[in-house]
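Let me begin by presenting the structure, written as structure tokens, before commenting on it.
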Amino acid sequence: MRTARSGFELLDHRADIGVRAFGPTVESAFIQAARGMFAVMVKLDRVRSIASHDVALASAGLDELLVDWLSDLLAQKDLSGLVFGQFEVSIRDGANGWRLTGRAFGERLDRGRHDPRAEVKGISHLGLSVQCERDRWTACAVFDV
Amino acid sequence: MSGSVQLDQVGTAEWIVQKTGAMRVPGRIFADRATIDDLAETERRGGEWSALRQICDVAGLPGIVNASIALPDVHPGYGFPIGGVAAFDVHDGVVAVGGVGFDINCGVRLLSTPMTRSDVEPIVDRIGEALFRDVPAGLGSEGKLRLGVREIDAVLRRGASRVVELGFGVEADLAFIEEKGALPGADPAFVSDLAKKRQFGQVGTLGSGNHYLEVQYVDAILDEAAAEAYGLQVDQVVVSIHTGSRALGHQIGQDYLKTAAAAARAQGIQVNVPELASMPIGSDVGKQYLAAMACGVNCAFANRQVIAHLVRRSLASACAVPEEGVRTVYDIGHNSAKFEEHEIGGDRRRLLVHRKGATRAFGPGRNRAPEAYRSVGHPTLVGGTMGTASYILRGTDLGMTKTFGSGVHGAGRALSRKKAAKRFWGETVIGELAERGIRVWAHSRRGVAEEAPGAYKDIERVVEAADDAGICRAVARLRPIAVIKG
């Protein structure tokens, strides 16, 4: 079933790289966006789930929440040296906006094993969108590399 | 004509975008015909990645003076075009996060050496391997200088001079760094703890993407007087370092985009392009961003200063070049907003000049250039690709009136990273460059493919257009011998 599928594709962008992530739920689209971001940096299937990082965020809109989610993971890469390949996410619509709680699983970057590529430096606000159409959620972002 | 945008040629390489809609001033583009055609075609096709649209959007920001300017390497950025210059009145103007960019004060340091091409070519492997070993580069690399909270505040406040005190480089370097390596007004109190912590291990790291370290030789002198003032001779070996403020600059940008958007919402101002969210220069949030941005600028100066020191050590160990023989020719940033005085309609006015993917390029006689360079004009360093030339240009008097004394910064991409990675193989690129006498050391083969020379526009055209427009003059052409990539 098309609506049950989730995944991501990396998009052409003149100077940088974008991601279009999709899935049957908003959570699955956020997870795939994070997978896309780390796929820009490392070979995703070589990242083992040895360490974890908990995330708790609140943002006014879903677009902003996507930037905050990806930015948090990116910051963690710099702070702890971790790269991530698996994620758990829960998103709730509250009175004061959207809340995300989640956990990212990964390990310390191993430059020999992870085949490092370009470093994502930040998340752009241009080209950003989180949408739902016919039970299919799509999350798009452009990474500054 | 292109859609609703009217472009009129007014000089050999100069075009006006006529004021329309919300534009407060016209656009002024310095570029060749092919670039103009490309800009117009992209705008005609629609979509948000139009540099011409971005030139018009910037022209609508409050307090903009004279024109929204684009230089010959213009291409779409985030809100502001890359290769964009915009000056704002300090009383009623704004500061825009997108006008500075996320990699605050990304720039180039040029070092000269006492070696010639024939000295280096036989031992290029030894030199390249030493630099690759000694200069941290690529994803996950950590700097030789590990900072804590207190130490990073001193670096953010005092830039290159602080790391010189810590033993990285020499006092004599400082006179040859833009703003002497420390932009005034930096206040680390306005930089988030997260931004600082992300930088603890990144001072003195090159990064990845389009950042590089290159050993080059002076292939041609194009302006004898300026080259003599800059201390450059044909066949002399030089080293270029291209990097910026790393994670700290990005976090400052992210933090203040939110601040700017919240401030705009509080005032009931609708922000159509998020990265154009701007703050009045005199407002509390505007002042705070400028104080944080100055920290980002200083962080980048310190970063390049540490790398310059590592390069000296490397060259000393690889080929016994004395460290004092490796001199800083200049260090210049291409992502910043700086307070400057300019002559507008016969009056001297204090302006905040945003340069996004553009450098300062003051003409002869201006006191912001090092004293030794003052008679010929401010040097501008233009980075090429790993297979093509880089250039040293100088500022002109005409540039002072046309572009607020600004110059070009690079070639600009022609192919997306994804297309480049599909078209080129890292190993093949490295092999082809080796046949042309250019050796590459890289942590990522895919990174090499993405940065292949064929993925970039022709730098010769960019330099020629800047020269045709009279905003810069070419001083010297550099060609790579050894390239270090992340």
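Ordered as shown in the structure tokens, chains take letters A, B, and onward, while each chain numbers its residues from 1 and ligands are numbered from 1 in the order shown.
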
Counting only C-alpha atoms, collect the residues of chain B whose closest atom lies at most 6 Å from chain A, and write them out as a PyMOL selection string. chain B and resi 139+198+208-209+416+418+444+447

DSSP says strand (DSSP E) for which residues of chain A? Put them as a count of residues only? 63

Could you write out, as an NGL selection string, all the residues of region 26-130 of chain A that DSSP marks as helix (DSSP H, G or I)? :A and (26-41 or 44-46 or 62-80)

Tell me, as a PyMOL selection string, which residues lie within 10 Å of Gly85 (chain A), counting only C-alpha atoms; anything in the same chain fewer than 2 positions away does not count. chain A and resi 31-32+34-39+42-49+83+87+104-107

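Take the candidates A:Asp63, A:Asp135, A:Glu27, A:Asp72 and check each one against Glu88 (chain A) using only C-alpha atoms; the shortest distance goes to A:Glu27.
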
At what distance in Å, to one decimal, does CA of Arg413 (chain B) lie from CA of Lys457 (chain B)?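 Computing the Euclidean distance for CA of Lys457 (chain B) and CA of Arg413 (chain B) yields 5.7 Å.
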
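Separating CA of Ser336 (chain B) from CA of Met293 (chain B) is a distance of 7.8 Å.
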
Straight-line distance linking CA of Thr403 (chain B) with CA of Ile281 (chain B), stated in Å to one decimal: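 One can read the CA of Thr403 (chain B) to CA of Ile281 (chain B) distance as 20.8 Å.
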
Mind checking which residues fall within 12 Å of Thr259 (chain B), counting only C-alpha atoms, ignoring those fewer than 2 positions away in the same chain, and posting them as a short mmCIF file (atom, residue, chain, number, x, y, z; two decimals) with C-alpha atoms, in the first residue's frame?
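Once everything was written out, this is around26.cif:
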data_model
loop_
_atom_site.label_atom_id
_atom_site.label_comp_id
_atom_site.auth_asym_id
_atom_site.auth_seq_id
_atom_site.Cartn_x
_atom_site.Cartn_y
_atom_site.Cartn_z
CA ALA B 96 19.06 40.63 8.58
CA VAL B 97 20.29 37.20 9.67
CA PHE B 190 24.39 37.18 23.67
CA ILE B 252 23.93 31.89 16.27
CA GLY B 253 22.08 32.12 12.94
CA GLN B 254 19.43 29.57 13.99
CA ASP B 255 18.95 31.20 17.39
CA TYR B 256 18.53 34.72 16.03
CA LEU B 257 16.28 33.73 13.14
CA ALA B 261 10.70 36.10 13.70
CA ALA B 262 9.29 36.46 17.23
CA ALA B 263 10.10 40.19 17.26
CA ALA B 264 8.39 40.63 13.90
CA ARG B 265 5.30 38.71 15.12
CA ALA B 266 5.17 40.87 18.27
CA PRO B 274 11.69 33.44 6.97
CA GLU B 275 15.40 34.01 6.40
CA ALA B 277 13.40 38.22 9.08
CA SER B 278 15.19 41.38 10.11
CA MET B 279 15.62 43.49 13.20
CA ASP B 284 17.46 45.56 21.62
CA VAL B 285 17.22 42.38 19.55
CA GLY B 286 19.12 44.00 16.69
CA LYS B 287 21.95 45.06 19.00
CA GLN B 288 22.04 41.62 20.59
CA TYR B 289 22.29 39.90 17.21
#

Which is closest to Arg350 (chain B) among B:Ile82, B:Gln305, B:Tyr373, B:Lys338, if we use only C-alpha atoms? B:Lys338

Could you name the residues that touch Ser28 (chain A) at 10 Å or less, counting only C-alpha atoms, but leaving out those on the same chain fewer than 4 positions away, as a list in words? Arg5, Ser6, Gly7, Ala21, Phe22, Gly23, Pro24, Gln32, Ala33, Ala34, Phe87, Glu88, Val89, Ser90, Arg136, Trp137, Thr138 and Ala139 of chain A

Here is a test: counting only C-alpha atoms, which residue of A:Phe30, A:Leu62, A:Phe84, A:Trp98 is nearest to Ile50 (chain A)?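 The shortest atom-to-atom distance to Ile50 (chain A) comes from A:Phe84.
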